[in-house]
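Notes for the one structure printed next.
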Amino acid sequence: MATTNDLVTSRPGIKNGDGGTTISPSIYKEPAPIVDKDNPLESMMQRFDRAAEILQLEPGIYQYLKTPVKSVIVSIPIQMDDGSIQVFDGYRVIHNDILGPSKGGIRYAPDVNLDEVKALAAWMTWKCAVVDIPFGGAKGGVRCDPRKLTMQQIEKITRRFTANMLDVFGPNRDIPAPDVNTNEQIMAWILDTYSMHTHRTEPGVVTGKPLVLGGSLGRREATGRGVMHSALRGMDKIGLKPKNATVAVEGFGNVGSISAELLHEQGAKIIGISDISGAYHNPNGIDIAAAIKWSETHNFLLEGFPGGEKITNEELLTLNCDVLVPAAREDRITKRNAHNIQAKLIVEGANGPTTAGADPILESKGVLVVPDILANAGGVTVSYFEWVQNRGGYHWTLDVVNERLATTMNAAFDRVYDTSLKHKISLRLAAYVLAIDKVARVLRLRGIYG
Ligand code: GLU
């Protein structure tokens, strides 16, 4: 019988989508979230409110943009191998579709909930606007623990979820992609299920799909590559040369491992890495290729990795380093531990790793934070390239994809940076200001129907 580890697709060890964790045996629990009274939706709203104030957004537009246009909750009944039936909750939130079809990943995790999906959907709206691609924002999730499910069960969940979302998904309507614990194979099942119902193959209904099904070269590495571009730009702003930089990376899934690999390639010394099995510290620099190989050959976990001293996940975040890349999940840097962060630059590979409560603490410490909606936008940018290739019937080379990604990321960084100087605000707030302003301008032009 297939096991969850069969989810590995072409690149071994990098088997999930744009999220921070990999699907691995259930003996490991996710590190307990560092709880403060923020939740991702509150964190998103607090930043939105501040940006709306700076923009002096009209009350009606404010109301419009803070509310998701659609929230769909479905139940997903699955017959398990012993004949019993289990019912999972599935969510899809379209936050906004005013700039174009809504876009955003689907995550499978035991703690998925509506508030989280709403926050993540709104972040997708702002993210697409920041990098100037013609998409709105959405997010989906199924509340399940993929580490406790077989491949067949994951396939059944995916197909039933897709069938329930037939009126929501569509190549010109709402386009899912991988996220935490979902990958190319899962995108292939969504594509197939959707196509069976529309009676024609619809490659453009998902992105992050396998290459042979119309996926794009460079898509799998795109989020990590975008993090690398953002980190290089950020280092430049604080006068740090990559070859002199020490870096800690939280999370060793697709985003964390590729970010670490590419920053290492740029000459930076990666002194700390982590996954759900723990964190590993080596002040002389971790051999990232060896760490990736270790994870590949050890059930997709760093557990037992001999290339560093074992420390706690919490210690990793406050390591003495120049650059911190949180690339795991939400709410990792909070007002509880922000005081202890030693990095001068934070580049957010994950969505929402820093709570709104931690923002002023990091600001007062002078830490430059490249926010998630800019730093991790490489994934959705190459999703856009994939969708464009599907629509046009093109097949771009890897060089073309990577070059266009670099241009998009660097231009977005510069726009955000200039906005932060103009308003004397953080990069995070500047990214919100830019994004909300763009969506608001489009909304005023389109007007309200009805
Ligand atoms: N899940 C990714 C993100 O959070 C990518 C979304 C997409 O490509 O649609 O940005």
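Going by the structure tokens order, chains are called A, B, ..., each with residues numbered from 1, while ligands are numbered from 1 in the order shown.
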Mind the document's chain letters and residue numbers, and return as an mmCIF file with all heavy atoms, in the first residue's frame the residues of segment 261-394 of chain A that DSSP labels alpha helix (DSSP H).
data_model
loop_
_atom_site.group_PDB
_atom_site.id
_atom_site.type_symbol
_atom_site.label_atom_id
_atom_site.label_comp_id
_atom_site.auth_asym_id
_atom_site.auth_seq_id
_atom_site.Cartn_x
_atom_site.Cartn_y
_atom_site.Cartn_z
ATOM 1 N N GLU A 261 19.661 26.845 0.505
ATOM 2 C CA GLU A 261 20.562 26.391 -0.564
ATOM 3 C C GLU A 261 21.014 27.573 -1.430
ATOM 4 O O GLU A 261 22.198 27.735 -1.725
ATOM 5 C CB GLU A 261 19.801 25.370 -1.418
ATOM 6 C CG GLU A 261 20.643 24.614 -2.403
ATOM 7 C CD GLU A 261 19.806 23.578 -3.178
ATOM 8 O OE1 GLU A 261 18.607 23.829 -3.431
ATOM 9 O OE2 GLU A 261 20.365 22.530 -3.522
ATOM 10 N N LEU A 262 20.051 28.434 -1.802
ATOM 11 C CA LEU A 262 20.396 29.535 -2.705
ATOM 12 C C LEU A 262 21.207 30.619 -1.991
ATOM 13 O O LEU A 262 22.101 31.221 -2.584
ATOM 14 C CB LEU A 262 19.126 30.125 -3.341
ATOM 15 C CG LEU A 262 18.377 29.171 -4.281
ATOM 16 C CD1 LEU A 262 17.117 29.826 -4.830
ATOM 17 C CD2 LEU A 262 19.271 28.717 -5.440
ATOM 18 N N LEU A 263 20.919 30.855 -0.710
ATOM 19 C CA LEU A 263 21.707 31.852 0.023
ATOM 20 C C LEU A 263 23.131 31.335 0.253
ATOM 21 O O LEU A 263 24.097 32.092 0.192
ATOM 22 C CB LEU A 263 21.032 32.211 1.355
ATOM 23 C CG LEU A 263 19.825 33.140 1.193
ATOM 24 C CD1 LEU A 263 19.014 33.231 2.476
ATOM 25 C CD2 LEU A 263 20.292 34.540 0.760
ATOM 26 N N HIS A 264 23.233 30.049 0.483
ATOM 27 C CA HIS A 264 24.547 29.408 0.621
ATOM 28 C C HIS A 264 25.330 29.578 -0.691
ATOM 29 O O HIS A 264 26.503 29.952 -0.689
ATOM 30 C CB HIS A 264 24.297 27.930 0.954
ATOM 31 C CG HIS A 264 25.527 27.101 1.075
ATOM 32 N ND1 HIS A 264 26.420 27.265 2.102
ATOM 33 C CD2 HIS A 264 26.012 26.087 0.306
ATOM 34 C CE1 HIS A 264 27.402 26.388 1.960
ATOM 35 N NE2 HIS A 264 27.171 25.667 0.875
ATOM 36 N N GLU A 265 24.634 29.361 -1.809
ATOM 37 C CA GLU A 265 25.262 29.542 -3.128
ATOM 38 C C GLU A 265 25.758 30.966 -3.335
ATOM 39 O O GLU A 265 26.717 31.212 -4.044
ATOM 40 C CB GLU A 265 24.199 29.272 -4.206
ATOM 41 C CG GLU A 265 24.447 28.031 -5.028
ATOM 42 C CD GLU A 265 23.268 27.808 -5.981
ATOM 43 O OE1 GLU A 265 22.960 28.698 -6.823
ATOM 44 O OE2 GLU A 265 22.646 26.761 -5.831
ATOM 45 N N ILE A 288 24.602 22.674 3.412
ATOM 46 C CA ILE A 288 23.169 22.594 3.084
ATOM 47 C C ILE A 288 22.869 21.416 2.156
ATOM 48 O O ILE A 288 21.858 20.719 2.320
ATOM 49 C CB ILE A 288 22.671 23.931 2.479
ATOM 50 C CG1 ILE A 288 22.780 25.043 3.543
ATOM 51 C CG2 ILE A 288 21.233 23.832 1.993
ATOM 52 C CD1 ILE A 288 22.001 24.794 4.834
ATOM 53 N N ALA A 289 23.781 21.158 1.212
ATOM 54 C CA ALA A 289 23.561 20.011 0.319
ATOM 55 C C ALA A 289 23.487 18.732 1.157
ATOM 56 O O ALA A 289 22.636 17.859 0.921
ATOM 57 C CB ALA A 289 24.682 19.927 -0.711
ATOM 58 N N ALA A 290 24.362 18.642 2.167
ATOM 59 C CA ALA A 290 24.371 17.443 3.027
ATOM 60 C C ALA A 290 23.084 17.375 3.849
ATOM 61 O O ALA A 290 22.526 16.290 4.065
ATOM 62 C CB ALA A 290 25.594 17.465 3.943
ATOM 63 N N ALA A 291 22.597 18.524 4.292
ATOM 64 C CA ALA A 291 21.362 18.548 5.095
ATOM 65 C C ALA A 291 20.168 18.106 4.235
ATOM 66 O O ALA A 291 19.313 17.342 4.686
ATOM 67 C CB ALA A 291 21.129 19.949 5.655
ATOM 68 N N ILE A 292 20.132 18.567 2.984
ATOM 69 C CA ILE A 292 19.041 18.179 2.083
ATOM 70 C C ILE A 292 19.106 16.665 1.846
ATOM 71 O O ILE A 292 18.107 15.954 1.916
ATOM 72 C CB ILE A 292 19.096 18.982 0.765
ATOM 73 C CG1 ILE A 292 18.732 20.449 1.041
ATOM 74 C CG2 ILE A 292 18.171 18.389 -0.298
ATOM 75 C CD1 ILE A 292 18.856 21.399 -0.138
ATOM 76 N N LYS A 293 20.318 16.184 1.618
ATOM 77 C CA LYS A 293 20.512 14.745 1.377
ATOM 78 C C LYS A 293 20.082 13.950 2.615
ATOM 79 O O LYS A 293 19.417 12.917 2.518
ATOM 80 C CB LYS A 293 21.999 14.525 1.053
ATOM 81 C CG LYS A 293 22.382 13.145 0.736
ATOM 82 C CD LYS A 293 23.013 13.065 -0.654
ATOM 83 C CE LYS A 293 22.780 11.652 -1.164
ATOM 84 N NZ LYS A 293 22.337 11.531 -2.451
ATOM 85 N N TRP A 294 20.465 14.462 3.803
ATOM 86 C CA TRP A 294 20.113 13.774 5.056
ATOM 87 C C TRP A 294 18.588 13.666 5.182
ATOM 88 O O TRP A 294 18.042 12.601 5.463
ATOM 89 C CB TRP A 294 20.699 14.532 6.252
ATOM 90 C CG TRP A 294 20.421 13.828 7.550
ATOM 91 C CD1 TRP A 294 19.324 13.982 8.345
ATOM 92 C CD2 TRP A 294 21.237 12.830 8.173
ATOM 93 N NE1 TRP A 294 19.404 13.149 9.426
ATOM 94 C CE2 TRP A 294 20.561 12.429 9.356
ATOM 95 C CE3 TRP A 294 22.465 12.236 7.856
ATOM 96 C CZ2 TRP A 294 21.087 11.468 10.233
ATOM 97 C CZ3 TRP A 294 22.983 11.283 8.729
ATOM 98 C CH2 TRP A 294 22.299 10.907 9.890
ATOM 99 N N SER A 295 17.945 14.787 4.949
ATOM 100 C CA SER A 295 16.492 14.812 5.076
ATOM 101 C C SER A 295 15.842 13.831 4.075
ATOM 102 O O SER A 295 14.945 13.067 4.414
ATOM 103 C CB SER A 295 16.020 16.246 4.888
ATOM 104 O OG SER A 295 14.666 16.297 4.614
ATOM 105 N N GLU A 296 16.362 13.850 2.842
ATOM 106 C CA GLU A 296 15.843 12.940 1.807
ATOM 107 C C GLU A 296 15.937 11.478 2.212
ATOM 108 O O GLU A 296 15.072 10.676 1.898
ATOM 109 C CB GLU A 296 16.716 13.056 0.549
ATOM 110 C CG GLU A 296 16.355 14.113 -0.413
ATOM 111 C CD GLU A 296 17.457 14.226 -1.471
ATOM 112 O OE1 GLU A 296 18.133 13.231 -1.813
ATOM 113 O OE2 GLU A 296 17.630 15.349 -1.941
ATOM 114 N N THR A 297 17.036 11.157 2.867
ATOM 115 C CA THR A 297 17.282 9.743 3.177
ATOM 116 C C THR A 297 16.821 9.367 4.586
ATOM 117 O O THR A 297 17.050 8.256 5.033
ATOM 118 C CB THR A 297 18.790 9.424 3.022
ATOM 119 O OG1 THR A 297 19.531 10.417 3.737
ATOM 120 C CG2 THR A 297 19.216 9.431 1.566
ATOM 121 N N ASN A 313 13.870 24.771 18.681
ATOM 122 C CA ASN A 313 13.337 25.623 17.608
ATOM 123 C C ASN A 313 13.272 27.072 18.072
ATOM 124 O O ASN A 313 13.489 28.001 17.301
ATOM 125 C CB ASN A 313 11.957 25.134 17.191
ATOM 126 C CG ASN A 313 12.031 23.801 16.485
ATOM 127 O OD1 ASN A 313 12.447 22.804 17.083
ATOM 128 N ND2 ASN A 313 11.677 23.768 15.223
ATOM 129 N N GLU A 314 12.974 27.260 19.357
ATOM 130 C CA GLU A 314 12.900 28.606 19.922
ATOM 131 C C GLU A 314 14.292 29.250 19.918
ATOM 132 O O GLU A 314 14.439 30.434 19.597
ATOM 133 C CB GLU A 314 12.333 28.504 21.351
ATOM 134 C CG GLU A 314 12.072 29.804 22.067
ATOM 135 C CD GLU A 314 11.010 30.692 21.403
ATOM 136 O OE1 GLU A 314 10.065 30.159 20.787
ATOM 137 O OE2 GLU A 314 11.158 31.930 21.501
ATOM 138 N N GLU A 315 15.323 28.473 20.248
ATOM 139 C CA GLU A 315 16.697 29.005 20.243
ATOM 140 C C GLU A 315 17.135 29.398 18.836
ATOM 141 O O GLU A 315 17.888 30.362 18.660
ATOM 142 C CB GLU A 315 17.676 27.956 20.820
ATOM 143 C CG GLU A 315 17.645 27.889 22.334
ATOM 144 C CD GLU A 315 18.345 26.644 22.906
ATOM 145 O OE1 GLU A 315 18.509 25.633 22.197
ATOM 146 O OE2 GLU A 315 18.709 26.698 24.086
ATOM 147 N N LEU A 316 16.641 28.660 17.856
ATOM 148 C CA LEU A 316 17.025 28.982 16.478
ATOM 149 C C LEU A 316 16.594 30.400 16.100
ATOM 150 O O LEU A 316 17.330 31.153 15.472
ATOM 151 C CB LEU A 316 16.399 27.985 15.491
ATOM 152 C CG LEU A 316 16.797 28.314 14.052
ATOM 153 C CD1 LEU A 316 17.781 27.307 13.496
ATOM 154 C CD2 LEU A 316 15.616 28.478 13.158
ATOM 155 N N LEU A 317 15.374 30.766 16.542
ATOM 156 C CA LEU A 317 14.846 32.085 16.178
ATOM 157 C C LEU A 317 15.669 33.218 16.795
ATOM 158 O O LEU A 317 15.724 34.316 16.234
ATOM 159 C CB LEU A 317 13.385 32.211 16.628
ATOM 160 C CG LEU A 317 12.374 31.295 15.939
ATOM 161 C CD1 LEU A 317 11.012 31.387 16.619
ATOM 162 C CD2 LEU A 317 12.242 31.671 14.455
ATOM 163 N N ASP A 359 5.693 43.523 15.696
ATOM 164 C CA ASP A 359 6.179 44.554 14.750
ATOM 165 C C ASP A 359 6.875 45.730 15.445
ATOM 166 O O ASP A 359 8.009 46.061 15.098
ATOM 167 C CB ASP A 359 5.028 45.101 13.888
ATOM 168 C CG ASP A 359 4.584 44.137 12.796
ATOM 169 O OD1 ASP A 359 5.291 43.145 12.536
ATOM 170 O OD2 ASP A 359 3.510 44.383 12.192
ATOM 171 N N PRO A 360 6.197 46.388 16.443
ATOM 172 C CA PRO A 360 6.852 47.562 17.025
ATOM 173 C C PRO A 360 8.140 47.219 17.782
ATOM 174 O O PRO A 360 9.059 48.041 17.835
ATOM 175 C CB PRO A 360 5.792 48.134 17.984
ATOM 176 C CG PRO A 360 4.749 47.086 18.129
ATOM 177 C CD PRO A 360 4.851 46.173 16.959
ATOM 178 N N ILE A 361 8.194 46.015 18.317
ATOM 179 C CA ILE A 361 9.409 45.618 19.055
ATOM 180 C C ILE A 361 10.580 45.506 18.078
ATOM 181 O O ILE A 361 11.663 46.042 18.317
ATOM 182 C CB ILE A 361 9.178 44.278 19.807
ATOM 183 C CG1 ILE A 361 7.992 44.413 20.756
ATOM 184 C CG2 ILE A 361 10.442 43.829 20.539
ATOM 185 C CD1 ILE A 361 7.513 43.107 21.368
ATOM 186 N N LEU A 362 10.323 44.850 16.960
ATOM 187 C CA LEU A 362 11.392 44.684 15.956
ATOM 188 C C LEU A 362 11.792 46.048 15.395
ATOM 189 O O LEU A 362 12.976 46.329 15.190
ATOM 190 C CB LEU A 362 10.932 43.753 14.831
ATOM 191 C CG LEU A 362 10.641 42.308 15.263
ATOM 192 C CD1 LEU A 362 10.012 41.521 14.113
ATOM 193 C CD2 LEU A 362 11.918 41.599 15.730
ATOM 194 N N GLU A 363 10.787 46.911 15.185
ATOM 195 C CA GLU A 363 11.074 48.247 14.656
ATOM 196 C C GLU A 363 11.946 49.023 15.618
ATOM 197 O O GLU A 363 12.930 49.650 15.222
ATOM 198 C CB GLU A 363 9.756 48.993 14.447
ATOM 199 C CG GLU A 363 9.382 49.109 12.985
ATOM 200 C CD GLU A 363 8.095 49.881 12.791
ATOM 201 O OE1 GLU A 363 7.030 49.234 12.898
ATOM 202 O OE2 GLU A 363 8.147 51.112 12.556
ATOM 203 N N SER A 364 11.609 48.950 16.917
ATOM 204 C CA SER A 364 12.384 49.732 17.891
ATOM 205 C C SER A 364 13.796 49.180 18.031
ATOM 206 O O SER A 364 14.713 49.904 18.402
ATOM 207 C CB SER A 364 11.674 49.761 19.256
ATOM 208 O OG SER A 364 11.720 48.473 19.815
ATOM 209 N N ASP A 372 6.420 39.129 4.545
ATOM 210 C CA ASP A 372 5.931 37.975 3.774
ATOM 211 C C ASP A 372 5.322 38.346 2.429
ATOM 212 O O ASP A 372 5.630 37.722 1.415
ATOM 213 C CB ASP A 372 4.911 37.176 4.615
ATOM 214 C CG ASP A 372 3.862 38.054 5.317
ATOM 215 O OD1 ASP A 372 3.825 39.274 5.068
ATOM 216 O OD2 ASP A 372 3.071 37.506 6.110
ATOM 217 N N ILE A 373 4.464 39.363 2.410
ATOM 218 C CA ILE A 373 3.731 39.652 1.156
ATOM 219 C C ILE A 373 4.660 40.180 0.061
ATOM 220 O O ILE A 373 4.260 40.284 -1.097
ATOM 221 C CB ILE A 373 2.515 40.600 1.378
ATOM 222 C CG1 ILE A 373 2.928 41.904 2.041
ATOM 223 C CG2 ILE A 373 1.425 39.899 2.173
ATOM 224 C CD1 ILE A 373 1.777 42.931 2.129
ATOM 225 N N LEU A 374 5.889 40.484 0.427
ATOM 226 C CA LEU A 374 6.920 40.788 -0.565
ATOM 227 C C LEU A 374 7.905 39.613 -0.667
ATOM 228 O O LEU A 374 8.134 39.063 -1.749
ATOM 229 C CB LEU A 374 7.653 42.077 -0.152
ATOM 230 C CG LEU A 374 8.941 42.419 -0.896
ATOM 231 C CD1 LEU A 374 8.666 42.632 -2.381
ATOM 232 C CD2 LEU A 374 9.581 43.697 -0.310
ATOM 233 N N ALA A 375 8.459 39.207 0.460
ATOM 234 C CA ALA A 375 9.579 38.246 0.446
ATOM 235 C C ALA A 375 9.215 36.896 -0.151
ATOM 236 O O ALA A 375 10.026 36.271 -0.829
ATOM 237 C CB ALA A 375 10.105 38.052 1.867
ATOM 238 N N GLY A 378 7.614 35.156 -4.629
ATOM 239 C CA GLY A 378 8.195 34.479 -5.799
ATOM 240 C C GLY A 378 7.339 33.309 -6.263
ATOM 241 O O GLY A 378 7.247 33.023 -7.466
ATOM 242 N N GLY A 379 6.713 32.622 -5.311
ATOM 243 C CA GLY A 379 5.896 31.451 -5.658
ATOM 244 C C GLY A 379 4.721 31.845 -6.534
ATOM 245 O O GLY A 379 4.515 31.288 -7.621
ATOM 246 N N VAL A 380 3.970 32.828 -6.073
ATOM 247 C CA VAL A 380 2.786 33.209 -6.856
ATOM 248 C C VAL A 380 3.196 33.909 -8.151
ATOM 249 O O VAL A 380 2.490 33.837 -9.157
ATOM 250 C CB VAL A 380 1.778 34.030 -6.014
ATOM 251 C CG1 VAL A 380 2.216 35.466 -5.815
ATOM 252 C CG2 VAL A 380 0.399 33.988 -6.658
ATOM 253 N N THR A 381 4.354 34.542 -8.147
ATOM 254 C CA THR A 381 4.824 35.185 -9.384
ATOM 255 C C THR A 381 5.055 34.131 -10.468
ATOM 256 O O THR A 381 4.593 34.276 -11.612
ATOM 257 C CB THR A 381 6.121 35.985 -9.111
ATOM 258 O OG1 THR A 381 5.829 36.987 -8.140
ATOM 259 C CG2 THR A 381 6.665 36.629 -10.363
ATOM 260 N N VAL A 382 5.740 33.035 -10.086
ATOM 261 C CA VAL A 382 5.968 32.002 -11.108
ATOM 262 C C VAL A 382 4.680 31.213 -11.377
ATOM 263 O O VAL A 382 4.476 30.696 -12.468
ATOM 264 C CB VAL A 382 7.192 31.119 -10.766
ATOM 265 C CG1 VAL A 382 7.364 30.005 -11.789
ATOM 266 C CG2 VAL A 382 8.453 31.985 -10.749
ATOM 267 N N SER A 383 3.752 31.188 -10.403
ATOM 268 C CA SER A 383 2.421 30.636 -10.703
ATOM 269 C C SER A 383 1.769 31.447 -11.817
ATOM 270 O O SER A 383 1.135 30.899 -12.717
ATOM 271 C CB SER A 383 1.522 30.700 -9.464
ATOM 272 O OG SER A 383 1.743 29.596 -8.622
ATOM 273 N N TYR A 384 1.917 32.745 -11.725
ATOM 274 C CA TYR A 384 1.370 33.614 -12.784
ATOM 275 C C TYR A 384 2.043 33.283 -14.116
ATOM 276 O O TYR A 384 1.366 33.135 -15.143
ATOM 277 C CB TYR A 384 1.569 35.084 -12.387
ATOM 278 C CG TYR A 384 1.300 36.059 -13.509
ATOM 279 C CD1 TYR A 384 0.058 36.110 -14.141
ATOM 280 C CD2 TYR A 384 2.301 36.924 -13.957
ATOM 281 C CE1 TYR A 384 -0.179 36.986 -15.187
ATOM 282 C CE2 TYR A 384 2.073 37.813 -14.996
ATOM 283 C CZ TYR A 384 0.834 37.837 -15.610
ATOM 284 O OH TYR A 384 0.593 38.700 -16.651
ATOM 285 N N PHE A 385 3.372 33.113 -14.095
ATOM 286 C CA PHE A 385 4.079 32.765 -15.337
ATOM 287 C C PHE A 385 3.556 31.422 -15.877
ATOM 288 O O PHE A 385 3.402 31.245 -17.077
ATOM 289 C CB PHE A 385 5.590 32.654 -15.103
ATOM 290 C CG PHE A 385 6.274 33.939 -14.683
ATOM 291 C CD1 PHE A 385 7.542 33.909 -14.100
ATOM 292 C CD2 PHE A 385 5.675 35.180 -14.868
ATOM 293 C CE1 PHE A 385 8.192 35.086 -13.723
ATOM 294 C CE2 PHE A 385 6.313 36.368 -14.488
ATOM 295 C CZ PHE A 385 7.578 36.305 -13.907
ATOM 296 N N GLU A 386 3.299 30.502 -14.967
ATOM 297 C CA GLU A 386 2.790 29.181 -15.387
ATOM 298 C C GLU A 386 1.427 29.335 -16.067
ATOM 299 O O GLU A 386 1.160 28.766 -17.128
ATOM 300 C CB GLU A 386 2.682 28.271 -14.157
ATOM 301 C CG GLU A 386 2.189 26.868 -14.466
ATOM 302 C CD GLU A 386 2.215 25.945 -13.239
ATOM 303 O OE1 GLU A 386 3.100 26.094 -12.363
ATOM 304 O OE2 GLU A 386 1.325 25.073 -13.158
ATOM 305 N N TRP A 387 0.575 30.120 -15.454
ATOM 306 C CA TRP A 387 -0.782 30.353 -15.982
ATOM 307 C C TRP A 387 -0.718 31.034 -17.353
ATOM 308 O O TRP A 387 -1.424 30.680 -18.290
ATOM 309 C CB TRP A 387 -1.521 31.188 -14.937
ATOM 310 C CG TRP A 387 -2.943 31.540 -15.190
ATOM 311 C CD1 TRP A 387 -4.029 30.725 -15.047
ATOM 312 C CD2 TRP A 387 -3.455 32.825 -15.556
ATOM 313 N NE1 TRP A 387 -5.179 31.427 -15.304
ATOM 314 C CE2 TRP A 387 -4.853 32.716 -15.614
ATOM 315 C CE3 TRP A 387 -2.863 34.056 -15.830
ATOM 316 C CZ2 TRP A 387 -5.672 33.802 -15.936
ATOM 317 C CZ3 TRP A 387 -3.675 35.143 -16.155
ATOM 318 C CH2 TRP A 387 -5.065 35.002 -16.208
ATOM 319 N N VAL A 388 0.198 32.005 -17.468
ATOM 320 C CA VAL A 388 0.379 32.706 -18.752
ATOM 321 C C VAL A 388 0.855 31.709 -19.820
ATOM 322 O O VAL A 388 0.358 31.703 -20.947
ATOM 323 C CB VAL A 388 1.400 33.865 -18.582
ATOM 324 C CG1 VAL A 388 1.874 34.391 -19.937
ATOM 325 C CG2 VAL A 388 0.800 34.995 -17.760
ATOM 326 N N GLN A 389 1.795 30.855 -19.438
ATOM 327 C CA GLN A 389 2.290 29.849 -20.400
ATOM 328 C C GLN A 389 1.157 28.909 -20.804
ATOM 329 O O GLN A 389 1.015 28.555 -21.976
ATOM 330 C CB GLN A 389 3.435 29.047 -19.785
ATOM 331 C CG GLN A 389 4.722 29.848 -19.604
ATOM 332 C CD GLN A 389 5.771 29.072 -18.825
ATOM 333 O OE1 GLN A 389 6.421 28.189 -19.342
ATOM 334 N NE2 GLN A 389 5.936 29.408 -17.550
ATOM 335 N N ASN A 390 0.317 28.493 -19.856
ATOM 336 C CA ASN A 390 -0.813 27.611 -20.162
ATOM 337 C C ASN A 390 -1.778 28.279 -21.130
ATOM 338 O O ASN A 390 -2.255 27.670 -22.078
ATOM 339 C CB ASN A 390 -1.575 27.214 -18.894
ATOM 340 C CG ASN A 390 -0.773 26.349 -17.937
ATOM 341 O OD1 ASN A 390 -1.026 26.342 -16.739
ATOM 342 N ND2 ASN A 390 0.214 25.625 -18.436
ATOM 343 N N ARG A 391 -2.050 29.546 -20.898
ATOM 344 C CA ARG A 391 -3.007 30.264 -21.754
ATOM 345 C C ARG A 391 -2.459 30.494 -23.148
ATOM 346 O O ARG A 391 -3.189 30.470 -24.117
ATOM 347 C CB ARG A 391 -3.383 31.606 -21.123
ATOM 348 C CG ARG A 391 -4.304 31.462 -19.943
ATOM 349 C CD ARG A 391 -4.318 32.737 -19.151
ATOM 350 N NE ARG A 391 -5.082 33.788 -19.791
ATOM 351 C CZ ARG A 391 -6.347 34.074 -19.510
ATOM 352 N NH1 ARG A 391 -6.982 33.384 -18.603
ATOM 353 N NH2 ARG A 391 -6.966 35.061 -20.112
ATOM 354 N N GLY A 392 -1.126 30.744 -23.208
ATOM 355 C CA GLY A 392 -0.532 31.075 -24.499
ATOM 356 C C GLY A 392 0.034 29.860 -25.216
ATOM 357 O O GLY A 392 0.476 29.962 -26.352
#
Report as a CSV table (one decimal) with C-alpha atoms, in the first residue's frame which protein, DNA and RNA residues come within 6 Å of ligand 1, using only C-alpha atoms and all ligand atoms.
chain,number,residue,atom,x,y,z
A,18,ASP,CA,5.2,26.5,-0.6
A,103,LYS,CA,-5.1,33.0,-6.6
A,104,GLY,CA,-3.7,31.1,-3.7
A,105,GLY,CA,-2.6,27.8,-2.3
A,176,PRO,CA,-5.3,26.9,-6.5
A,177,ALA,CA,-1.6,26.1,-6.0
A,178,PRO,CA,0.5,24.1,-3.5
A,179,ASP,CA,1.0,25.3,0.1
A,377,ALA,CA,5.9,36.4,-3.5
A,379,GLY,CA,5.9,31.5,-5.7
A,380,VAL,CA,2.8,33.2,-6.9
A,383,SER,CA,2.4,30.6,-10.7
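Near segment 401-404 of chain A, within 10 Å and counting only C-alpha atoms, sit Ser216, Leu217, Gly218, Arg219, Glu221, Ala222, Arg225, Gly226, Gly378, Thr381, Val382, Phe385, Glu386, His395, Trp396, Met409 and Asn410 of chain A, not including residues fewer than 5 positions from it in the same chain.
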Mind writing the picked residues with N, CA and C atoms as a compact mmCIF listing (two decimals), in the first residue's frame?
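Wrote it out as part-v9.txt, contents follow:
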# COMPACT_ATOMS: atom_id res chain seq x y z
N SER A 216 5.39 24.80 -14.79
CA SER A 216 6.47 25.67 -15.28
C SER A 216 7.80 25.27 -14.68
N LEU A 217 8.82 25.33 -15.52
CA LEU A 217 10.17 25.19 -14.99
C LEU A 217 10.37 26.28 -13.93
N GLY A 218 11.05 25.94 -12.89
CA GLY A 218 11.38 26.94 -11.87
C GLY A 218 10.29 27.21 -10.87
N ARG A 219 9.09 26.62 -11.04
CA ARG A 219 8.00 26.93 -10.11
C ARG A 219 8.30 26.39 -8.71
N GLU A 221 11.02 25.90 -7.13
CA GLU A 221 12.05 26.62 -6.38
C GLU A 221 11.70 28.10 -6.23
N ALA A 222 10.59 28.54 -6.86
CA ALA A 222 10.35 29.98 -7.02
C ALA A 222 10.22 30.74 -5.71
N ARG A 225 13.63 31.04 -4.23
CA ARG A 225 14.45 31.94 -5.07
C ARG A 225 14.05 33.39 -4.82
N GLY A 226 12.77 33.63 -4.68
CA GLY A 226 12.29 34.98 -4.38
C GLY A 226 12.78 35.43 -3.00
N GLY A 378 7.61 35.16 -4.63
CA GLY A 378 8.20 34.48 -5.80
C GLY A 378 7.34 33.31 -6.26
N THR A 381 4.35 34.54 -8.15
CA THR A 381 4.82 35.18 -9.38
C THR A 381 5.06 34.13 -10.47
N VAL A 382 5.74 33.04 -10.09
CA VAL A 382 5.97 32.00 -11.11
C VAL A 382 4.68 31.21 -11.38
N PHE A 385 3.37 33.11 -14.10
CA PHE A 385 4.08 32.76 -15.34
C PHE A 385 3.56 31.42 -15.88
N GLU A 386 3.30 30.50 -14.97
CA GLU A 386 2.79 29.18 -15.39
C GLU A 386 1.43 29.33 -16.07
N HIS A 395 6.23 27.45 -23.68
CA HIS A 395 7.03 26.73 -22.69
C HIS A 395 8.34 27.50 -22.51
N TRP A 396 8.38 28.30 -21.46
CA TRP A 396 9.55 29.15 -21.26
C TRP A 396 10.71 28.32 -20.71
N MET A 409 10.69 40.51 -8.65
CA MET A 409 10.96 40.61 -7.21
C MET A 409 11.73 41.89 -6.90
N ASN A 410 12.75 42.18 -7.71
CA ASN A 410 13.58 43.35 -7.41
C ASN A 410 12.80 44.65 -7.60
Exercise for the section: Pick out the residues sitting within 8 Å of Ala129 of chain A, and hand them over as a ChimeraX atom specification; count only C-alpha atoms, and ignore anything fewer than 3 positions along from it in its own chain. Expected result: /A:125-126,132-136,434-436,438-439
Practice task
Write out as a ChimeraX atom specification which residues come within 10 Å of Val347 of chain A when counting only C-alpha atoms, dropping same-chain ones fewer than 3 positions away.
Solution key: /A:227-228,230-232,234-235,249,323-327,350,353,368-372,374-376
Exercise for the section: Identify all residues of segment 49-288 of chain A in strand (DSSP E or B) (DSSP on the backbone) and supply them as a ChimeraX atom specification. Expected result: /A:70-79,85-96,102-109,136-143,170,174-178,246-250,269-275,278-281
